[in-house]
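> This is the structure, below, for whatever I ask next.
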Amino acid sequence: MASIFKTNGFDVELTPESRDGGVDIFAIRKDGFPGGTLHLIECKRYEPSNKVGIGIVRRLLGAVDHHRATKGLVITTSSFYSDAVKFASQSKYRLGLSDYAVLTRWMKNLQSKITRYAPNH
């Protein structure tokens, strides 16, 4: 995930594996505006049958508030329970949810960028 954000213009910082406060990646973009933007990213590598619940989404919103971040994003290899989606939609400018379908699009986009810029051998 860090590679995807780095390829898209973010500086990334990975958090320690334990005691990460519900955040796996700090993604910072300095786009000319004072201070830039800070995105907190929580990654969940789950089986398709194991959906992400509202607790994880709530915890990330708390971390977004605590760090005064621009936005929080939960990314999963599965999907989300409906209550988590509803909760995130109430804070749509502060929280985003990305499921397996979104993640695979990002991966394909990353692969095409890598292929496009790879030197010919």
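Labeling convention for the structure tokens: chains A, B, ... as they appear, residues from 1 per chain, ligands from 1 in order of appearance.
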Output as CSV one row per residue of range 71-107 of chain A within 9 Å of range 1-25 of chain A: the closest atom pair and its distance in Å to one decimal place, counting only C-alpha atoms, sorted by chain and residue number ascending.


```
residue,atom,partner,partner_atom,distance
A:Gly72,CA,A:Val23,CA,8.9
A:Ile75,CA,A:Met1,CA,8.7
A:Leu103,CA,A:Met1,CA,9.0
A:Trp106,CA,A:Ile4,CA,7.2
A:Met107,CA,A:Ile4,CA,7.4
```

> List the spatial neighbours of Ser79 in chain A as a PyMOL selection string - criterion: any atom at most 7 Å away, only C-alpha atoms, same-chain residues fewer than 6 positions off excluded.

chain A and resi 48+51-52+99-100

> Just the residues within 12 Å of Arg59 in chain A, please, counting only C-alpha atoms, with nothing from its chain fewer than 6 positions along; format it as an mmCIF file with C-alpha atoms, in the first residue's frame.


```cif
data_model
loop_
_atom_site.group_PDB
_atom_site.id
_atom_site.type_symbol
_atom_site.label_atom_id
_atom_site.label_comp_id
_atom_site.auth_asym_id
_atom_site.auth_seq_id
_atom_site.Cartn_x
_atom_site.Cartn_y
_atom_site.Cartn_z
ATOM 1 C CA ASP A 20 0.230 1.546 15.904
ATOM 2 C CA GLY A 21 -2.838 3.326 17.264
ATOM 3 C CA GLY A 22 -5.021 2.020 14.449
ATOM 4 C CA VAL A 23 -2.845 3.525 11.727
ATOM 5 C CA LEU A 40 -3.893 8.148 7.889
ATOM 6 C CA ILE A 41 -4.235 4.698 6.372
ATOM 7 C CA GLU A 42 -5.322 1.523 8.134
ATOM 8 C CA GLY A 53 -16.590 -3.720 11.105
ATOM 9 C CA ASP A 65 -9.077 13.742 14.949
ATOM 10 C CA HIS A 66 -6.158 13.093 17.319
ATOM 11 C CA GLY A 72 -8.444 8.631 7.118
ATOM 12 C CA LEU A 73 -8.678 5.642 4.809
ATOM 13 C CA VAL A 74 -9.426 2.016 5.667
ATOM 14 C CA ALA A 84 -19.257 0.625 8.852
ATOM 15 C CA PHE A 87 -20.796 5.437 9.634
ATOM 16 C CA ALA A 88 -18.068 6.401 7.146
ATOM 17 C CA LEU A 95 -13.088 9.017 6.066
#
```

> Step one, run DSSP on the backbone; step two, keep only residues of chain A assigned to strand (DSSP E); then write them as a PyMOL selection string.

chain A and resi 11-14+25-29+37-44+71-76+95-98

> Considering only C-alpha atoms, can you say which of A:Asn50, A:Ser78, A:Thr104, A:Thr70 comes closest to Gly35 in chain A?

A:Thr70

> When distances are computed from only C-alpha atoms, which of A:Leu110, A:Ser49, A:Ser91, A:Cys43 shows the smallest separation from Val64 in chain A?

A:Ser91

> Here is a test: counting only C-alpha atoms, which residue of A:Leu38, A:Leu61, A:Ile56, A:Ile28 is nearest to Arg94 in chain A?

A:Leu61

> In Å to one decimal, how far is CA of Lys92 in chain A from CA of Tyr46 in chain A?

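If I compute the distance from CA of Tyr46 in chain A to CA of Lys92 in chain A, I get 23.1 Å.
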
> When you count only C-alpha atoms, which of these residues is closest to Arg68 in chain A: A:Thr37, A:Asn109, A:Ala27, A:Arg45?

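Using only C-alpha atoms, the shortest distance to Arg68 in chain A belongs to A:Thr37.
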
> Identify which of the residues A:Ala101, A:Gly55, A:Gly96, A:Gly62 lies closest to Asp83 in chain A, counting only C-alpha atoms when measuring atom-to-atom distances.

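Result for the nearest residue to Asp83 in chain A: A:Gly55.
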